[in-house]
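Undergrad: Submitted below is the structure of interest, expressed as structure tokens.
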Amino acid sequence: MSRTDHAPNLSATRGSALGIWFFRVLIKCGAYQIALLLAHCVAFCYACFDRQAFAAARGYLEQRFPADKTSACKMRRHFYRLVAALACNLCSAFALACGRKIAVEERNKPEFDGGMVIVLAHFGCWQVSMPLLQTPGHEAYIMVRPDKNGNLDKFLALGGGNDLHVIDTEGFSGGLVEAAAVLDNGGTVIIMGDRAVDAAGSAKVPFLAGELELPLSPWMLAARSQKPVVVLFVDWENEKRQKIILDYDTSIAVPAIGDRRIRPADVQTMLVAYAARLEERCRKAPYSFFRFGNEKTTINPPEKL
């Protein structure tokens, strides 16, 4: 993307235990709307004083709002709205985990049989989709890196008693061997498709006014297993936050590979198609894509499947 393309993951150093505890207590006591209001206040403080976070988000914001890139004031306003949306989404995720009822609408949902790769993005309230992807008699696994900051755990929305399984991408083979086994057994593998990470192959594709570095893992996994890819975007129906929309897209075709080794070029078309769909979403909801630099800090060769 830009000079912030390889910034480290900010969630590891943001969100104090005391502050998160305060918001959790508010939500547990039924003060959900107050928590959302205070989240905007916290976001304003970040927008004014957190230079590192602003620098990390600026790459995406400049791509989305190229006409405003020379105005520090306008970029700060965009950053505030982005952080406020993220803070409110975290509150909503925890509220759902505490049992708060929020309407959910699923659009174009495919049948969960025979195995599939679901590609999520750090877009909208993506956390709240995970409890809905585990259905009776069907196993769903999510490939993720463990959170360095437990206060901002990505599983805030799961609550207790959910059977979603986790494949640790920091283990042997980056979790690809385990994921392939799940798909062979007819299960679902959920993987984030919008951030490249260390020890995994990636490629840059056109995106907005520049480029976006995306991981190869979801697409190479689908191509090797010959399982369908389902792109899932999750966001609020409107700013009132009364309904969550899960919008499934099954239009990205998986190329036939055969028995030979998969090359990055084999899945390039899939990456470009995914970036185009992500770009379309970002144009409609610019403050729903939480791109704070890139999680990849070193250059690694593409994985081989």
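By order of appearance in the structure tokens: chains A, B, ..., then residues from 1 within every chain, and ligands from 1 in the order shown.
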Would you list, as number ranges by chain, the residues of segment 72-294 of chain A that end up in helix (DSSP H, G or I) under DSSP run on this structure's backbone?
TA: A: 72-97, 126-133, 150-152, 172-184, 217-225, 264-284, 286-288
Undergrad: When you look at segment 96-110 of chain A with a cut-off of 12 Å (counting only C-alpha atoms), what residues show up, excluding the ones that are within fewer than 6 positions of it in the same chain? I need them as JSON, numbers by chain.
TA: {"A": [24, 25, 26, 27, 28, 29, 30, 31, 32, 33, 89, 90, 116, 117, 118, 125, 127, 128, 129, 130, 131, 132, 133, 154, 155, 156, 157, 158, 159, 160, 161, 162, 188, 228, 229, 230, 231, 232, 233, 234, 235, 236, 237, 240, 241, 242, 243, 244, 245, 246, 247, 248, 249, 250, 251]}
Undergrad: Can you write just those residues out, C-alpha atoms, as a PDB file, in the first residue's frame?
TA:
ATOM      1  CA  ARG A  24     -17.679  -4.736  29.566  1.00  0.00           C
ATOM      2  CA  VAL A  25     -19.234  -3.785  32.888  1.00  0.00           C
ATOM      3  CA  LEU A  26     -21.343  -1.114  31.184  1.00  0.00           C
ATOM      4  CA  ILE A  27     -22.625  -3.593  28.616  1.00  0.00           C
ATOM      5  CA  LYS A  28     -23.295  -6.319  31.174  1.00  0.00           C
ATOM      6  CA  CYS A  29     -25.317  -3.811  33.188  1.00  0.00           C
ATOM      7  CA  GLY A  30     -27.492  -3.076  30.169  1.00  0.00           C
ATOM      8  CA  ALA A  31     -25.938   0.255  29.247  1.00  0.00           C
ATOM      9  CA  TYR A  32     -25.188  -0.745  25.653  1.00  0.00           C
ATOM     10  CA  GLN A  33     -26.178   2.597  24.122  1.00  0.00           C
ATOM     11  CA  ASN A  89     -18.170  -2.980  16.622  1.00  0.00           C
ATOM     12  CA  LEU A  90     -16.139  -4.290  19.543  1.00  0.00           C
ATOM     13  CA  MET A 116     -15.959 -25.069   1.549  1.00  0.00           C
ATOM     14  CA  VAL A 117     -13.530 -22.225   2.200  1.00  0.00           C
ATOM     15  CA  ILE A 118     -15.176 -19.105   3.638  1.00  0.00           C
ATOM     16  CA  CYS A 125     -18.710  -6.440  12.382  1.00  0.00           C
ATOM     17  CA  GLN A 127     -16.597 -11.073  14.552  1.00  0.00           C
ATOM     18  CA  VAL A 128     -20.317 -11.591  15.047  1.00  0.00           C
ATOM     19  CA  SER A 129     -20.560 -13.844  11.995  1.00  0.00           C
ATOM     20  CA  MET A 130     -18.503 -16.636  13.514  1.00  0.00           C
ATOM     21  CA  PRO A 131     -21.170 -18.093  15.844  1.00  0.00           C
ATOM     22  CA  LEU A 132     -23.524 -18.348  12.857  1.00  0.00           C
ATOM     23  CA  LEU A 133     -21.125 -20.371  10.720  1.00  0.00           C
ATOM     24  CA  LYS A 154     -11.208 -11.729  18.141  1.00  0.00           C
ATOM     25  CA  PHE A 155     -13.603 -14.260  19.706  1.00  0.00           C
ATOM     26  CA  LEU A 156     -15.442 -11.673  21.803  1.00  0.00           C
ATOM     27  CA  ALA A 157     -18.685 -12.463  19.987  1.00  0.00           C
ATOM     28  CA  LEU A 158     -18.605 -16.198  20.545  1.00  0.00           C
ATOM     29  CA  GLY A 159     -19.617 -16.355  24.187  1.00  0.00           C
ATOM     30  CA  GLY A 160     -19.693 -19.663  25.982  1.00  0.00           C
ATOM     31  CA  GLY A 161     -20.737 -23.007  24.566  1.00  0.00           C
ATOM     32  CA  ASN A 162     -19.858 -22.359  20.916  1.00  0.00           C
ATOM     33  CA  THR A 188     -15.752 -25.580   6.543  1.00  0.00           C
ATOM     34  CA  PRO A 228     -15.712 -23.884  -3.469  1.00  0.00           C
ATOM     35  CA  VAL A 229     -14.818 -20.442  -2.149  1.00  0.00           C
ATOM     36  CA  VAL A 230     -17.450 -18.331  -0.416  1.00  0.00           C
ATOM     37  CA  VAL A 231     -16.617 -14.680   0.200  1.00  0.00           C
ATOM     38  CA  LEU A 232     -18.472 -13.319   3.212  1.00  0.00           C
ATOM     39  CA  PHE A 233     -18.914  -9.661   4.094  1.00  0.00           C
ATOM     40  CA  VAL A 234     -20.569  -8.673   7.362  1.00  0.00           C
ATOM     41  CA  ASP A 235     -21.819  -5.206   8.194  1.00  0.00           C
ATOM     42  CA  TRP A 236     -24.687  -3.267   9.705  1.00  0.00           C
ATOM     43  CA  GLU A 237     -27.740  -2.561   7.580  1.00  0.00           C
ATOM     44  CA  LYS A 240     -28.763   2.660  13.548  1.00  0.00           C
ATOM     45  CA  ARG A 241     -27.099  -0.723  14.231  1.00  0.00           C
ATOM     46  CA  GLN A 242     -30.373  -2.588  14.494  1.00  0.00           C
ATOM     47  CA  LYS A 243     -29.665  -5.353  11.977  1.00  0.00           C
ATOM     48  CA  ILE A 244     -26.544  -7.199  10.857  1.00  0.00           C
ATOM     49  CA  ILE A 245     -26.279  -8.321   7.233  1.00  0.00           C
ATOM     50  CA  LEU A 246     -24.278 -11.416   6.286  1.00  0.00           C
ATOM     51  CA  ASP A 247     -23.794 -11.252   2.533  1.00  0.00           C
ATOM     52  CA  TYR A 248     -22.375 -14.380   0.858  1.00  0.00           C
ATOM     53  CA  ASP A 249     -20.727 -14.347  -2.580  1.00  0.00           C
ATOM     54  CA  THR A 250     -20.032 -17.636  -4.382  1.00  0.00           C
ATOM     55  CA  SER A 251     -19.096 -16.172  -7.761  1.00  0.00           C
TER      56      SER A 251
END
Undergrad: Please, which residues of segment 208-273 of chain A, numbered as in this document, come out strand (DSSP E) from DSSP, as JSON, numbers by chain?
TA: {"A": [210, 211, 212, 213, 214, 215, 229, 230, 231, 232, 233, 234, 235, 236, 243, 244, 245, 246, 247, 248, 249]}
Undergrad: Those same residues - C-alpha atoms - I'd like them written as a compact mmCIF listing (two decimals), in the first residue's frame.
TA:
# COMPACT_ATOMS: atom_id res chain seq x y z
CA GLY A 210 -3.09 1.79 -5.42
CA GLU A 211 -2.35 -1.80 -4.44
CA LEU A 212 -3.30 -4.20 -1.67
CA GLU A 213 -1.14 -7.08 -0.44
CA LEU A 214 -3.28 -10.18 0.10
CA PRO A 215 -2.49 -13.65 1.43
CA VAL A 229 -14.82 -20.44 -2.15
CA VAL A 230 -17.45 -18.33 -0.42
CA VAL A 231 -16.62 -14.68 0.20
CA LEU A 232 -18.47 -13.32 3.21
CA PHE A 233 -18.91 -9.66 4.09
CA VAL A 234 -20.57 -8.67 7.36
CA ASP A 235 -21.82 -5.21 8.19
CA TRP A 236 -24.69 -3.27 9.71
CA LYS A 243 -29.66 -5.35 11.98
CA ILE A 244 -26.54 -7.20 10.86
CA ILE A 245 -26.28 -8.32 7.23
CA LEU A 246 -24.28 -11.42 6.29
CA ASP A 247 -23.79 -11.25 2.53
CA TYR A 248 -22.38 -14.38 0.86
CA ASP A 249 -20.73 -14.35 -2.58
Undergrad: Considering only C-alpha atoms, can you say which of A:Arg195, A:Arg291, A:Arg76, A:Arg260 comes closest to Leu120 of chain A?
TA: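 Nearest to Leu120 of chain A: A:Arg195.
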Undergrad: Restricting the calculation to only C-alpha atoms: of A:Arg64, A:Arg263, A:His122, A:Arg224, which residue gets closest to His78 of chain A?
TA: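 When distances to His78 of chain A are compared using only C-alpha atoms, the smallest one comes from A:Arg64.
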Undergrad: I need the residue nearest Ser92 of chain A from this list: A:Gly124, A:Gly114, A:Pro66, A:Gly19. Use only C-alpha atoms for the distance.
TA: A:Gly124
Undergrad: Can you list, as a PyMOL selection string, every protein, DNA or RNA residue that comes within 9 Å of Phe79 of chain A when you count only C-alpha atoms, leaving out same-chain residues fewer than 2 positions away?
TA: chain A and resi 43+46-47+54+57-58+61+74-77+81-84+287
Undergrad: Please compute the atom CA of Ala181 of chain A-atom CA of Val272 of chain A distance, one decimal, in Å.
TA: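 Atom CA of Val272 of chain A lies 26.8 Å from atom CA of Ala181 of chain A.
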Undergrad: Excluding Pro255 of chain A and its own-chain neighbours fewer than 5 positions away, which residues fall within 10 Å of it when counting only C-alpha atoms? Please give them as an MDAnalysis selection string.
TA: chainID A and resid 219:220 222:224 226 228 266:267 269:270
Undergrad: Pick the closest to Gln63 of chain A from A:Val166, A:Leu271, A:Phe292, A:Phe207: which is it, counting only C-alpha atoms?
TA: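 When distances to Gln63 of chain A are compared using only C-alpha atoms, the smallest one comes from A:Phe207.
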Undergrad: Have a look at atom CA of Cys91 of chain A and atom CA of Val42 of chain A and let me know their distance in Å, one decimal.
TA: 12.2 Å
Undergrad: Rounded to one decimal in Å, what is the spacing between atom CA of Cys88 of chain A and atom CA of Ala276 of chain A?
TA: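 Pair atom CA of Cys88 of chain A / atom CA of Ala276 of chain A returns 26.5 Å.
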Undergrad: For each of A:Glu62, A:Asp50, A:Glu111, A:Glu279, take the minimum atom-to-atom distance to Pro206 of chain A, counting only C-alpha atoms, then give the residue where this is smallest.
TA: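 Selected residue with least distance to Pro206 of chain A: A:Glu279.
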